[in-house]
Amino acid sequence: MYEPHAELKYAKLQRMQWLATALLGAMLILLGVSVGFKTAYPWLQWLQAFAEAATVGAVADWFAVVALFHHPLGLPIPHTAIIPRNKDRIGESLGRFVEYNFLTPQNIVKKLAQRNLAKIVAQWLADRANSEDLAERVCVLVPAMLNALDDEDVRRFVDRTITPLLDRLDVARIAGNILTVLTVENRHQALLDRALIALEEWITANRGLIETKFSEASRYTPSFVDAYIVNKFAAGVIALLHEVAHNLDHEIRRQFDQATEQFIHDLKTSPQYREQGELLKHDFIEHIKREEYYRVVWSDVRERLTADLANEPSLVRANVAEALVKLASGLRDDAALQAKLNGWLMKAVEALLLQHRHQVSRLITDVVKGWDAREVGEKIELEVGSDLQYIRINGTLVGGIVGVLLHVATGFV
């Protein structure tokens, strides 16, 4: 796998290795010179003490650094090549460390709670350019997905998933539950209000038709009598509609409430409605099971979507972008909804972390276990090896200083 900046890291590692090794070589040369000439120049004993200790420190730290990644000089010395030899244990430890120290609800949720994520996303999507870009990216995937599914795939999906799901539905009870939701807080009365207005408009616009039909049914009455009766009847009906519209406690409204409640009750409990719902459901299932239906509908949907997405402008892309903008604009200006969404998101993240964070730990462990031992050592050495060379350099210099101090101490003794 290609590692970004690997060449630069490798060059830096080699440069630091060369520097630490050169320093060791310098100490060896200094040691040789001081030993060779200290008889003529007694003061060189101080350099000898420094060079001896520095050489020991340099060699010891070289061994320690190399032993992390390799066998020093290729010799299988016990407890060397520590990282390659223990890569599986390192992977397990790393996975547990990430799981229990990073992927915790306290860390993640606390960090997310500091920002209003719902508002941030809404502000970003409310920008039409962003929504259009997102719609473009999503719609680019649609043709490939449509072409990847053939008629047989769709038939199999419907037979295995949609059809069994539909077959388990209690249509009458579901309809009753839907109507229960729609009638909460007298929402159905708004439907009655619209029906009253629509009925008045229809009567007003079709008085001539009503009069004609009345005349056809009453052949022996003069036309002016027919017109009089129809006008009176229409005026009476319209007056009744106005009365119902302005009186929230009108008897007709109460009767409408009772009829609605009875209808909902019958949908949920009546064997007759349940039987009718089952018949309707089975007819629908048999209809969608027909192979010709699959082919025609799927082919038509696929062709229409593909053709639209290939056009400029695309109606589908435009509608998706428009829907995103409208939803985001509404969310952006609704602080209460933002708070609810953020609260739901925090709970969802916490639940997902508690349920699945161990899978991340297992993934890290499995990935590390799958690496080649030598490659693991090389990767880690490439990342931290150049910094570890400072241990060798510091060990050389600190060792030399300690050697001088020891030489002073032994001189006093």
# chains A, B, ... in the order shown; residues from 1 in each chain; ligands from 1
>>> closest_atom_pairs(of="range 69-90 of chain A", to="range 341-365 of chain A", cutoff="12 Å", atoms="only C-alpha atoms", output="JSON lines")
{"residue": "A:Lys87", "atom": "CA", "partner": "A:Thr365", "partner_atom": "CA", "distance": 9.5}
{"residue": "A:Asp88", "atom": "CA", "partner": "A:Thr365", "partner_atom": "CA", "distance": 7.2}
{"residue": "A:Arg89", "atom": "CA", "partner": "A:Thr365", "partner_atom": "CA", "distance": 8.5}
{"residue": "A:Ile90", "atom": "CA", "partner": "A:Thr365", "partner_atom": "CA", "distance": 8.3}
>>> write_last_selection(atoms="C-alpha atoms", output="PDB file, in the first residue's frame")
ATOM      1  CA  LYS A  87       2.366  -7.403  16.520  1.00  0.00           C
ATOM      2  CA  ASP A  88      -0.770  -9.438  17.356  1.00  0.00           C
ATOM      3  CA  ARG A  89      -0.646  -8.431  21.004  1.00  0.00           C
ATOM      4  CA  ILE A  90       0.059  -4.826  19.983  1.00  0.00           C
TER       5      ILE A  90
END
>>> closest_residue(among="A:Leu125, A:Leu305, A:Ala64, A:Leu406", to="Ala323 in chain A", atoms="only C-alpha atoms")
A:Leu125
>>> residues_around(residues="Leu191 in chain A", least_positions_apart="2", cutoff="12 Å", atoms="only C-alpha atoms", output="PyMOL selection string")
chain A and resi 182-183+186-189+193-198+245+253+256-257+260
>>> write_last_selection(atoms="C-alpha atoms", output="mmCIF file, in the first residue's frame")
data_model
loop_
_atom_site.group_PDB
_atom_site.id
_atom_site.type_symbol
_atom_site.label_atom_id
_atom_site.label_comp_id
_atom_site.auth_asym_id
_atom_site.auth_seq_id
_atom_site.Cartn_x
_atom_site.Cartn_y
_atom_site.Cartn_z
ATOM 1 C CA LEU A 182 -55.881 12.043 11.529
ATOM 2 C CA THR A 183 -58.807 12.723 13.868
ATOM 3 C CA ASN A 186 -60.685 17.215 15.837
ATOM 4 C CA ARG A 187 -58.475 17.460 12.778
ATOM 5 C CA HIS A 188 -61.209 15.779 10.762
ATOM 6 C CA GLN A 189 -63.461 18.820 11.334
ATOM 7 C CA ASP A 193 -65.103 22.624 6.689
ATOM 8 C CA ARG A 194 -63.479 22.159 3.295
ATOM 9 C CA ALA A 195 -66.321 19.877 2.214
ATOM 10 C CA LEU A 196 -68.905 22.525 3.219
ATOM 11 C CA ILE A 197 -67.122 25.174 1.149
ATOM 12 C CA ALA A 198 -66.770 22.825 -1.826
ATOM 13 C CA ALA A 245 -69.563 26.248 9.263
ATOM 14 C CA ARG A 253 -70.811 18.231 13.386
ATOM 15 C CA PHE A 256 -70.035 13.632 11.756
ATOM 16 C CA ASP A 257 -67.922 12.955 14.858
ATOM 17 C CA THR A 260 -66.229 8.959 12.070
#
>>> closest_residue(among="A:Val121, A:Leu141, A:Ile82, A:Ile264", to="Leu179 in chain A", atoms="only C-alpha atoms")
A:Ile264
>>> atom_distance(atom1="CA of Leu327 in chain A", atom2="CA of Leu134 in chain A")
13.9 Å
>>> closest_residue(among="A:Ile285, A:Ala144, A:Glu383, A:Pro222", to="Leu165 in chain A", atoms="only C-alpha atoms")
A:Ile285
>>> closest_residue(among="A:Val66, A:Ala126, A:Ile393, A:Val56", to="Val325 in chain A", atoms="only C-alpha atoms")
A:Ala126
>>> atom_distance(atom1="CA of Gly277 in chain A", atom2="CA of Arg254 in chain A")
27.8 Å
